[in-house]
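Here the structure is laid out as structure tokens; the discussion comes afterwards.
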Amino acid sequence: MIEVRGLTKRYGARTAVDALSFTVGPGELYALLGGNGAGKTTTLNLILGLLAADGGEVRVDGVAVGPGARPCAVYVPEVVALYPDLDPLETLALFASVAGRTVSEADRAGALTRAGLAAEHHHRRVGTFSKGMRQKVALALAEVQGARSVVLDEPTSGLDPLASAQLAERLAAAKAGGAAILMSTHDVLHAANLADRVGILQAGRLVAELDATGMDAAALLAAYQAHAG
Amino acid sequence: MTAAVTALALAFGLAGAGAYQARHEEHEELRTYGDERFSVQSADHPHAIAHRGYVVSRPPPVLGFLDAGLDGALGRWLTLDAHRTRPLEGARVGDLTRAPGAGRLDLGLLFTLVLPGFVVLLVHDAVAGERRRGTFAMLRAAGLQPGPWVAAKLAGAAARVGLAVFLPAALVAAALTAALASDAWPRLVAWLGVQALGLAAWAALTLALSAWVRDPPRALGMGLMGWGLLTVVIPPLASTAARAATRPPPPGVLSARLATWAESAHAQTEDLRARAIRDVRRRHPEWDGNGDSPEVLDAVMLRLADREVAERMAALLDQLAAEQDREATLAAALSFASPGGLAQLAGSAVAASDLAQARLAEAHYEGYRRELMAWINRWWAENGQGGFDAWSDTLKDLSSAPRPTPPRSPARLAWAGCRLPCLLLLVLCAVGGAAFALESRRSLRGAA
Amino acid sequence: MSAWGQLLRLETRRLLRSPRGRAVSAALFVATAAAGLLGARLAAAHVAAGQADLEAARARVEARMRGDAPLSPVETALWEDTVVARGVAPLAALTAQDLAALPDAAAVRLTHPPTALAARAERSPAAALLGTFDVAWLLSLVLPLAVLGLGYDALARDRARGNLAALLAFAPSAWGLVTARVGAVTVAALVGLGPGLAVALAATGALDGPLAATDALLVLLLAAAAALAFSAATVAVSAFSARPGTALVAGLVGWAVVALALPLGLAAFAQAAYPDPDPRPELDATQAAQSILTKDADRLVAEEARRRPELDPERAADGVQSVLRFERLRAAAHLRRVQGAGFERRRTQARRAELYRLVAYLSPTTWLSHGLAALADTDPEARQRFMAQAEAFQSQLALHVEAPLLDRGAAPGGWPRLTTPPDADRTPALLGAALYAALAGLATALAARRLDRGALTPAEEDA
């Protein structure tokens, strides 16, 4: 579960994120929708503890995030680079060992398979993977790490239609498993397809929060234009 | 960047100038001292001045304040005596450090070691940056031809390197020349030309790298790693390989050989006596061999012996010099991939701080020594053992004559020293330019 | 296998699988082996030169004592060179640059202080101008560069891509990640360096004298400690950099300062602190002393005879003995004065070498070269030590030739000869290894602290 209360971040005189509040519950996918410079990436960095906030509070799975206290969340950046010279099994092992844990190969293979990566790819180097396949490895991390929260930055950027559909399936499966998923995007179509709720971000402020269940892309676009236009 | 280069040039330049100034003052003091000591020596025997030896100071290199080269590793003064027991003294070889350039701090080291790094910083994104920004694709779509593109980029790189890197350091070099050696302008121009050629080679190679690698950070990384490797690996590797391939004769063996020759020449009394008589008869045909000889035979024998030793010694020194030349040529040839190493070799040749220049001074003093020995022998032959009373006056005349000053480094010597490295630098410029042109042509006309 | 062990294995595998990691490791192997082989060849050349000098002088001495007009031992020791060779330790193959600046031999006569025969650097433009590519050069200048090439992006690339946050999300501290990355860079460097050093150490077998196993182990320990410290410093730079490019440039600037500028500056400092004294007083005194050898020096000989009454010419059994005793005492008087004339110069040189040895500890790259040089007996004070040994030999030679004069008969074993034994000092190598370990610990702690407390913000990816 991700809880954001009055989150504020200033760069000099400019306020990048202004008293932002929202909550992403278990089994929910929340999309932060906004144009370039709206403050989406800054918001994600604040939630992940990568930036120090000037005000407000972030709690991930009930634990406050702050300086030196990172959230136990899986982060899938826009460019999912991972380590090109390792295979997916080794990648999961590496992430687990950084946390001081060892996970059996069978468990890692199971997580990868459940994330949608076929067994024939488990011993190929990640450097040869498409972005969609790398995203699957990143989502498998959530299971291996035992994370209940997932943060994705522009996950559909650069994906072909098939890969986008597969991502939607994986996210739906993760949701069904009870994960709280926060995703930033500027793509109205994907936001409408994937999200349960959509927060519209404009100049660092949350100008609207919509229930996207059953809302089609055209309706979401109209709402977005109404609030952000 | 210009400010950084200027600050570094001032620091390196002033350090070099300070060391040169101290060296120059010491040279002047030692020269005066040597002259004075020669003139006040006791006149007890003509050969005393030959065997005691007298001190001459080796002059500092003409552009030693810019490029001290080998100066710190060579002797600062020479003691000349009849048997040249110790040709070089005052060397600082015991202090040689592991730092490049024998640990000297001067503009020569700045040009060959530090400034190439700045060239890489300036030029690495000349083409890769265009690709990254997408302007290369736009220019290509607009019908850009390889010729103008290559010419514009080469001219741009030259202008940027020239103004931001070369000019500030060159101005510091010019200011130092005006202050310390105002008669060395032509040599300064040649020295700056060599350094410009070295930087041009770096610029051309970096430009080719920028065209080939296409990504600015990667081009920067490869360029800087290349700079590090080419400045700290190739020159010493070339020097080491050259040293491993050449074997100058050990100095102790030379010394033992010389001593044996000197002794045998003096010891072959009968042979020398016969040759001395023939020599006296040749110069005094009226002498029938009976009665007293017109010259003292011992003096003629000594002259012959000295000449024989001198000739053999000259042959030995020539052998040593040939090995040194072979080593230097090999080192230059092996460091062909390093513009820094080549510019260092060429620069020290032009600055008159290489071995050839030191050898020139030595040869000059050796010539003077031989001339003096010959003069003493002649005097002895003419005046004989009984003429010592006149020696005191003769010595006064000799002392009043000015001591010889070694010639300023002739241009031919500088040219001989810098010819091969400069040629190789030109080749590197051409290779870099051609690689850049070919890659550009391929990119603009091909499917890149 | 523990989690950290698995992490180290995966990090090392990742690094060694990348083309860059393989290229750097292979290059380190080739360069180290080549430097070792070339160094061994150069060291062998120095040994040969010293021995050739010694043998040539010895042959001449023997010929002079056996010829038609044989010289007495006193006359031979007075007027002919007896050459002593500088012993070259097997490890000198790793520090061949220093060998170029050291004399291979020294000529000894009873009349003058020992004269160092011209070192190779005095006769080799390339050695003095361009340096020597030996193992010490490679380890102190190239190894930091190679390690930088291996690890400059160890953390900066993860930060730029946003991986750092994901990696550390579940870790209690960054210490495990940082130590594993430092370890991986070290192992990748040692994969090339270790076999290369083994080849270099094996190449020293071609030289005279066995290589002590302790010394070989110390070389390996010092190199490994240096690789660890350079790796930790590189990873620390990477931890403080937002992007790999920034880390690379910062690392190269640091390398230029620590490996190039600092040694240059320290050498200049040592030179400035103890500049060469004015040579004129020494030349004057030497010239004045020369007259002792060319003039009647009865007064000086009488003075000298009071010091060494057993050599007093008055006590000689015959005229020849008396003349030889006179010559011996005259030579001793001359030597005493010439030694006094050169005292200031020798003291300055000794103090400068001592200062240089001390200030060298200010630059981490010279810990290594000085540790190796001390093991190989080629450190800055090696010249002074050799000349002191040559002086001791001179005294031995004097006693040898005085024996017949004093009716004690010739000393056993014929004309004395000496190749000085190498004098290895292990302390600087051990100290260097300890300093490197401390530096590695400090740099690792700084990097971990930076990741634990600093921002992990991803930057725009620049690779």
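Starting from 1 in every chain, residues are counted up; chains themselves are A, B, ... following the order of the structure tokens, and ligands are numbered from 1 as listed.
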Identify all residues of stretch 55-189 of chain B in helix (DSSP H, G or I) (DSSP on the backbone) and supply them as a short mmCIF file (atom, residue, chain, number, x, y, z; two decimals) with N, CA, C and O atoms, in the first residue's frame.
data_model
loop_
_atom_site.label_atom_id
_atom_site.label_comp_id
_atom_site.auth_asym_id
_atom_site.auth_seq_id
_atom_site.Cartn_x
_atom_site.Cartn_y
_atom_site.Cartn_z
N ASP B 71 68.54 17.52 -19.99
CA ASP B 71 69.53 18.33 -19.29
C ASP B 71 69.74 17.88 -17.85
O ASP B 71 70.88 17.81 -17.37
N GLY B 72 68.64 17.57 -17.17
CA GLY B 72 68.76 17.19 -15.77
C GLY B 72 69.45 15.86 -15.56
O GLY B 72 69.95 15.58 -14.47
N ALA B 73 69.46 15.04 -16.58
CA ALA B 73 70.05 13.72 -16.44
C ALA B 73 71.49 13.67 -16.94
O ALA B 73 72.13 12.63 -16.88
N VAL B 93 71.52 11.96 -12.10
CA VAL B 93 70.80 10.73 -12.41
C VAL B 93 70.30 10.01 -11.17
O VAL B 93 69.31 9.30 -11.22
N GLY B 94 70.97 10.20 -10.06
CA GLY B 94 70.53 9.54 -8.84
C GLY B 94 69.17 9.99 -8.40
O GLY B 94 68.51 9.33 -7.62
N ASP B 95 68.73 11.12 -8.91
CA ASP B 95 67.44 11.67 -8.49
C ASP B 95 66.33 11.39 -9.48
O ASP B 95 65.22 11.87 -9.31
N PRO B 100 56.87 10.81 -15.55
CA PRO B 100 57.25 10.97 -16.96
C PRO B 100 58.17 12.17 -17.15
O PRO B 100 58.16 13.10 -16.36
N GLY B 101 58.93 12.11 -18.23
CA GLY B 101 59.81 13.23 -18.55
C GLY B 101 60.90 13.41 -17.52
O GLY B 101 61.38 14.52 -17.30
N ALA B 102 61.33 12.31 -16.88
CA ALA B 102 62.40 12.35 -15.90
C ALA B 102 62.08 13.32 -14.76
O ALA B 102 62.97 13.88 -14.14
N GLY B 103 60.80 13.52 -14.51
CA GLY B 103 60.41 14.31 -13.35
C GLY B 103 60.55 15.81 -13.53
O GLY B 103 60.45 16.56 -12.58
N LEU B 107 57.09 23.52 -19.79
CA LEU B 107 56.03 23.60 -20.80
C LEU B 107 56.09 22.41 -21.77
O LEU B 107 55.07 22.02 -22.33
N GLY B 108 57.29 21.87 -21.97
CA GLY B 108 57.42 20.71 -22.85
C GLY B 108 56.57 19.56 -22.35
O GLY B 108 55.86 18.90 -23.12
N LEU B 109 56.64 19.34 -21.03
CA LEU B 109 55.86 18.25 -20.45
C LEU B 109 54.37 18.58 -20.53
O LEU B 109 53.54 17.70 -20.77
N LEU B 110 54.03 19.85 -20.34
CA LEU B 110 52.62 20.25 -20.42
C LEU B 110 52.07 19.96 -21.83
O LEU B 110 51.00 19.39 -22.00
N PHE B 111 52.84 20.37 -22.84
CA PHE B 111 52.39 20.18 -24.22
C PHE B 111 52.25 18.71 -24.58
O PHE B 111 51.33 18.32 -25.29
N THR B 112 53.18 17.90 -24.12
CA THR B 112 53.18 16.51 -24.58
C THR B 112 52.36 15.59 -23.70
O THR B 112 51.93 14.54 -24.15
N LEU B 113 52.16 15.98 -22.45
CA LEU B 113 51.47 15.07 -21.54
C LEU B 113 50.07 15.55 -21.17
O LEU B 113 49.12 14.77 -21.21
N VAL B 114 49.93 16.81 -20.82
CA VAL B 114 48.67 17.29 -20.25
C VAL B 114 47.71 17.82 -21.32
O VAL B 114 46.53 17.46 -21.35
N LEU B 115 48.23 18.68 -22.20
CA LEU B 115 47.34 19.32 -23.16
C LEU B 115 46.62 18.34 -24.09
O LEU B 115 45.48 18.59 -24.48
N PRO B 116 47.24 17.22 -24.48
CA PRO B 116 46.48 16.27 -25.29
C PRO B 116 45.17 15.84 -24.62
O PRO B 116 44.17 15.61 -25.30
N GLY B 117 45.16 15.76 -23.30
CA GLY B 117 43.92 15.43 -22.59
C GLY B 117 42.86 16.49 -22.82
O GLY B 117 41.68 16.19 -23.01
N PHE B 118 43.29 17.75 -22.84
CA PHE B 118 42.34 18.83 -23.12
C PHE B 118 41.82 18.75 -24.55
O PHE B 118 40.67 19.07 -24.84
N VAL B 119 42.69 18.34 -25.46
CA VAL B 119 42.28 18.20 -26.87
C VAL B 119 41.17 17.15 -26.97
O VAL B 119 40.16 17.35 -27.65
N VAL B 120 41.35 16.05 -26.24
CA VAL B 120 40.33 14.99 -26.25
C VAL B 120 39.01 15.54 -25.70
O VAL B 120 37.93 15.31 -26.27
N LEU B 121 39.10 16.31 -24.61
CA LEU B 121 37.88 16.89 -24.03
C LEU B 121 37.17 17.79 -25.03
O LEU B 121 35.94 17.82 -25.12
N LEU B 122 37.96 18.54 -25.80
CA LEU B 122 37.37 19.51 -26.73
C LEU B 122 36.76 18.86 -27.97
O LEU B 122 35.74 19.30 -28.47
N VAL B 123 37.41 17.84 -28.46
CA VAL B 123 37.08 17.34 -29.80
C VAL B 123 36.20 16.08 -29.78
O VAL B 123 35.59 15.74 -30.79
N ASP B 125 33.33 15.21 -28.95
CA ASP B 125 31.92 15.20 -29.37
C ASP B 125 31.68 15.93 -30.69
O ASP B 125 30.54 16.22 -31.03
N ALA B 126 32.77 16.20 -31.41
CA ALA B 126 32.63 16.98 -32.64
C ALA B 126 31.64 16.31 -33.61
O ALA B 126 30.81 16.99 -34.23
N VAL B 127 31.72 15.02 -33.74
CA VAL B 127 30.81 14.30 -34.62
C VAL B 127 29.77 13.55 -33.79
O VAL B 127 28.57 13.57 -34.08
N ALA B 128 30.25 12.90 -32.72
CA ALA B 128 29.33 12.12 -31.89
C ALA B 128 28.22 13.00 -31.32
O ALA B 128 27.06 12.57 -31.21
N GLY B 129 28.56 14.25 -30.98
CA GLY B 129 27.55 15.17 -30.46
C GLY B 129 26.48 15.48 -31.50
O GLY B 129 25.29 15.59 -31.19
N GLU B 130 26.91 15.63 -32.74
CA GLU B 130 25.96 15.91 -33.84
C GLU B 130 24.99 14.73 -33.99
O GLU B 130 23.80 14.90 -34.21
N ARG B 131 25.55 13.54 -33.86
CA ARG B 131 24.68 12.36 -33.98
C ARG B 131 23.71 12.30 -32.82
O ARG B 131 22.54 11.99 -32.99
N ARG B 132 24.21 12.58 -31.63
CA ARG B 132 23.37 12.50 -30.44
C ARG B 132 22.21 13.51 -30.51
O ARG B 132 21.10 13.21 -30.13
N ARG B 133 22.55 14.70 -30.99
CA ARG B 133 21.52 15.74 -31.06
C ARG B 133 20.59 15.55 -32.25
O ARG B 133 19.59 16.23 -32.38
N THR B 135 21.36 16.34 -35.27
CA THR B 135 21.65 17.29 -36.33
C THR B 135 22.39 16.64 -37.49
O THR B 135 22.30 17.09 -38.63
N PHE B 136 23.12 15.55 -37.19
CA PHE B 136 23.84 14.87 -38.27
C PHE B 136 22.84 14.30 -39.29
O PHE B 136 23.01 14.44 -40.50
N ALA B 137 21.78 13.66 -38.74
CA ALA B 137 20.77 13.08 -39.64
C ALA B 137 20.08 14.19 -40.44
O ALA B 137 19.79 14.01 -41.63
N MET B 138 19.84 15.34 -39.80
CA MET B 138 19.18 16.44 -40.51
C MET B 138 20.08 16.97 -41.63
O MET B 138 19.63 17.22 -42.75
N LEU B 139 21.38 17.10 -41.32
CA LEU B 139 22.31 17.60 -42.34
C LEU B 139 22.41 16.60 -43.49
O LEU B 139 22.47 16.98 -44.66
N ARG B 140 22.41 15.34 -43.12
CA ARG B 140 22.52 14.29 -44.14
C ARG B 140 21.29 14.34 -45.06
O ARG B 140 21.40 14.23 -46.28
N ALA B 141 20.14 14.50 -44.41
CA ALA B 141 18.91 14.57 -45.21
C ALA B 141 18.91 15.79 -46.11
O ALA B 141 18.31 15.79 -47.18
N PRO B 146 30.36 14.76 -48.23
CA PRO B 146 31.49 14.45 -47.33
C PRO B 146 32.58 15.52 -47.36
O PRO B 146 33.14 15.86 -46.31
N GLY B 147 32.89 16.05 -48.55
CA GLY B 147 34.00 17.01 -48.66
C GLY B 147 33.84 18.21 -47.74
O GLY B 147 34.69 18.45 -46.85
N PRO B 148 32.77 18.98 -47.92
CA PRO B 148 32.58 20.16 -47.06
C PRO B 148 32.48 19.78 -45.58
O PRO B 148 32.97 20.50 -44.72
N TRP B 149 31.82 18.65 -45.31
CA TRP B 149 31.65 18.22 -43.92
C TRP B 149 33.02 17.97 -43.26
O TRP B 149 33.33 18.47 -42.19
N VAL B 150 33.86 17.19 -43.96
CA VAL B 150 35.19 16.87 -43.41
C VAL B 150 36.01 18.14 -43.25
O VAL B 150 36.65 18.37 -42.20
N ALA B 151 35.97 18.99 -44.28
CA ALA B 151 36.76 20.23 -44.21
C ALA B 151 36.28 21.11 -43.06
O ALA B 151 37.10 21.65 -42.30
N ALA B 152 34.97 21.22 -42.91
CA ALA B 152 34.44 22.08 -41.85
C ALA B 152 34.80 21.54 -40.47
O ALA B 152 35.19 22.30 -39.58
N LYS B 153 34.69 20.23 -40.31
CA LYS B 153 34.98 19.65 -39.00
C LYS B 153 36.48 19.76 -38.67
O LYS B 153 36.86 20.04 -37.53
N LEU B 154 37.33 19.51 -39.68
CA LEU B 154 38.77 19.63 -39.43
C LEU B 154 39.13 21.07 -39.06
O LEU B 154 39.88 21.33 -38.12
N ALA B 155 38.54 22.01 -39.82
CA ALA B 155 38.84 23.42 -39.55
C ALA B 155 38.30 23.82 -38.17
O ALA B 155 38.97 24.53 -37.41
N GLY B 156 37.12 23.32 -37.85
CA GLY B 156 36.52 23.64 -36.55
C GLY B 156 37.37 23.11 -35.41
O GLY B 156 37.62 23.81 -34.42
N ALA B 157 37.81 21.84 -35.55
CA ALA B 157 38.63 21.24 -34.49
C ALA B 157 39.94 22.01 -34.35
O ALA B 157 40.39 22.30 -33.24
N ALA B 158 40.53 22.36 -35.50
CA ALA B 158 41.79 23.10 -35.46
C ALA B 158 41.60 24.45 -34.77
O ALA B 158 42.43 24.87 -33.94
N ALA B 159 40.50 25.12 -35.08
CA ALA B 159 40.25 26.44 -34.50
C ALA B 159 40.03 26.33 -32.99
O ALA B 159 40.59 27.10 -32.21
N ARG B 160 39.25 25.34 -32.59
CA ARG B 160 38.95 25.20 -31.15
C ARG B 160 40.21 24.84 -30.37
O ARG B 160 40.50 25.43 -29.33
N VAL B 161 40.96 23.86 -30.90
CA VAL B 161 42.18 23.46 -30.20
C VAL B 161 43.19 24.60 -30.22
O VAL B 161 43.85 24.90 -29.22
N GLY B 162 43.28 25.26 -31.38
CA GLY B 162 44.25 26.35 -31.51
C GLY B 162 43.98 27.48 -30.54
O GLY B 162 44.90 27.98 -29.87
N LEU B 163 42.73 27.87 -30.44
CA LEU B 163 42.40 29.03 -29.60
C LEU B 163 42.34 28.68 -28.12
O LEU B 163 42.82 29.45 -27.28
N ALA B 164 41.73 27.55 -27.81
CA ALA B 164 41.48 27.26 -26.40
C ALA B 164 42.66 26.56 -25.73
O ALA B 164 42.85 26.69 -24.53
N VAL B 165 43.44 25.80 -26.49
CA VAL B 165 44.49 24.99 -25.87
C VAL B 165 45.89 25.49 -26.24
O VAL B 165 46.73 25.75 -25.37
N PHE B 166 46.12 25.61 -27.54
CA PHE B 166 47.48 25.91 -27.99
C PHE B 166 47.87 27.36 -27.67
O PHE B 166 48.96 27.62 -27.16
N LEU B 167 46.96 28.28 -28.01
CA LEU B 167 47.30 29.70 -27.92
C LEU B 167 47.73 30.14 -26.51
O LEU B 167 48.76 30.80 -26.36
N PRO B 168 46.95 29.81 -25.47
CA PRO B 168 47.37 30.27 -24.14
C PRO B 168 48.76 29.76 -23.75
O PRO B 168 49.59 30.53 -23.25
N ALA B 169 49.01 28.47 -24.03
CA ALA B 169 50.32 27.92 -23.68
C ALA B 169 51.41 28.54 -24.54
O ALA B 169 52.52 28.81 -24.07
N ALA B 170 51.10 28.78 -25.83
CA ALA B 170 52.09 29.38 -26.73
C ALA B 170 52.42 30.80 -26.27
O ALA B 170 53.58 31.24 -26.36
N LEU B 171 51.42 31.53 -25.79
CA LEU B 171 51.68 32.90 -25.33
C LEU B 171 52.59 32.89 -24.09
O LEU B 171 53.48 33.74 -23.98
N VAL B 172 52.36 31.94 -23.22
CA VAL B 172 53.24 31.84 -22.04
C VAL B 172 54.66 31.51 -22.50
O VAL B 172 55.64 32.10 -22.01
N ALA B 173 54.77 30.59 -23.48
CA ALA B 173 56.10 30.23 -24.01
C ALA B 173 56.78 31.46 -24.62
O ALA B 173 57.98 31.69 -24.42
N ALA B 174 56.00 32.26 -25.36
CA ALA B 174 56.57 33.46 -25.99
C ALA B 174 57.01 34.46 -24.93
O ALA B 174 58.09 35.07 -25.06
N ALA B 175 56.21 34.62 -23.88
CA ALA B 175 56.58 35.57 -22.83
C ALA B 175 57.88 35.13 -22.15
O ALA B 175 58.76 35.96 -21.87
N LEU B 176 58.00 33.82 -21.91
CA LEU B 176 59.22 33.32 -21.27
C LEU B 176 60.42 33.51 -22.18
O LEU B 176 61.52 33.85 -21.73
N THR B 177 60.21 33.29 -23.49
CA THR B 177 61.32 33.48 -24.43
C THR B 177 61.76 34.94 -24.45
O THR B 177 62.95 35.24 -24.47
N ALA B 178 60.77 35.85 -24.44
CA ALA B 178 61.11 37.27 -24.45
C ALA B 178 61.92 37.63 -23.21
O ALA B 178 62.85 38.45 -23.26
N ALA B 179 61.60 36.98 -22.09
CA ALA B 179 62.28 37.33 -20.84
C ALA B 179 63.64 36.67 -20.71
O ALA B 179 64.56 37.24 -20.14
N LEU B 180 63.79 35.47 -21.27
CA LEU B 180 64.99 34.69 -20.98
C LEU B 180 65.92 34.46 -22.17
O LEU B 180 67.11 34.23 -21.98
N TRP B 185 63.97 33.43 -31.01
CA TRP B 185 62.62 33.43 -31.59
C TRP B 185 62.43 32.40 -32.69
O TRP B 185 61.42 31.68 -32.71
N PRO B 186 63.38 32.30 -33.63
CA PRO B 186 63.16 31.30 -34.70
C PRO B 186 63.03 29.89 -34.13
O PRO B 186 62.20 29.11 -34.56
N ARG B 187 63.86 29.62 -33.12
CA ARG B 187 63.79 28.28 -32.52
C ARG B 187 62.47 28.08 -31.77
O ARG B 187 61.90 27.00 -31.79
N LEU B 188 62.00 29.17 -31.14
CA LEU B 188 60.71 29.07 -30.45
C LEU B 188 59.61 28.73 -31.45
O LEU B 188 58.74 27.90 -31.19
N VAL B 189 59.66 29.42 -32.61
CA VAL B 189 58.64 29.17 -33.63
C VAL B 189 58.67 27.70 -34.05
O VAL B 189 57.63 27.04 -34.16
#
Residues of chain C no more than 7 Å from chain B, counting only C-alpha atoms: send them over as a PyMOL selection string.
chain C and resi 38+41-42+49+52-53+56-57+60+101-102+117-118+121-122+124-133+245+248+260+263-264+267+383+462-463
When you look at stretch 178-181 of chain A with a cut-off of 7 Å (counting only C-alpha atoms), what residues show up, excluding the ones that are within fewer than 6 positions of it in the same chain? I need them as a VMD selection string.
chain A and resid 1 to 2 24 to 30 148 to 151
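The smallest atom-to-atom distance between chain C and any of A:Met133, A:Val188, A:Leu46, A:Leu7, using only C-alpha atoms, is found for A:Leu46.
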Provide as a count of residues only the residues of chain A at most 8 Å from chain C, counting only C-alpha atoms.
35
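Here the residues within stretch 105-179 of chain A that DSSP labels strand (DSSP E or B) on the basis of the backbone are Ser149, Val150, Val151, Leu152 and Asp153 of chain A.
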Separating atom CA of B:Gln145 from atom CA of B:Leu438, to the nearest tenth of an Å, is a gap of 12.5 Å
For stretch 279-282 of chain B, find every residue with an atom within 8 Å (counting only C-alpha atoms), except residues of its own chain fewer than 2 positions away, and show them as a list in words.
Arg275, Ala276, Ile277, His284, Pro285, Glu286, Trp287, Asp288, Gly289, Ser293, Pro294, Glu295, Leu297 and Val300 of chain B
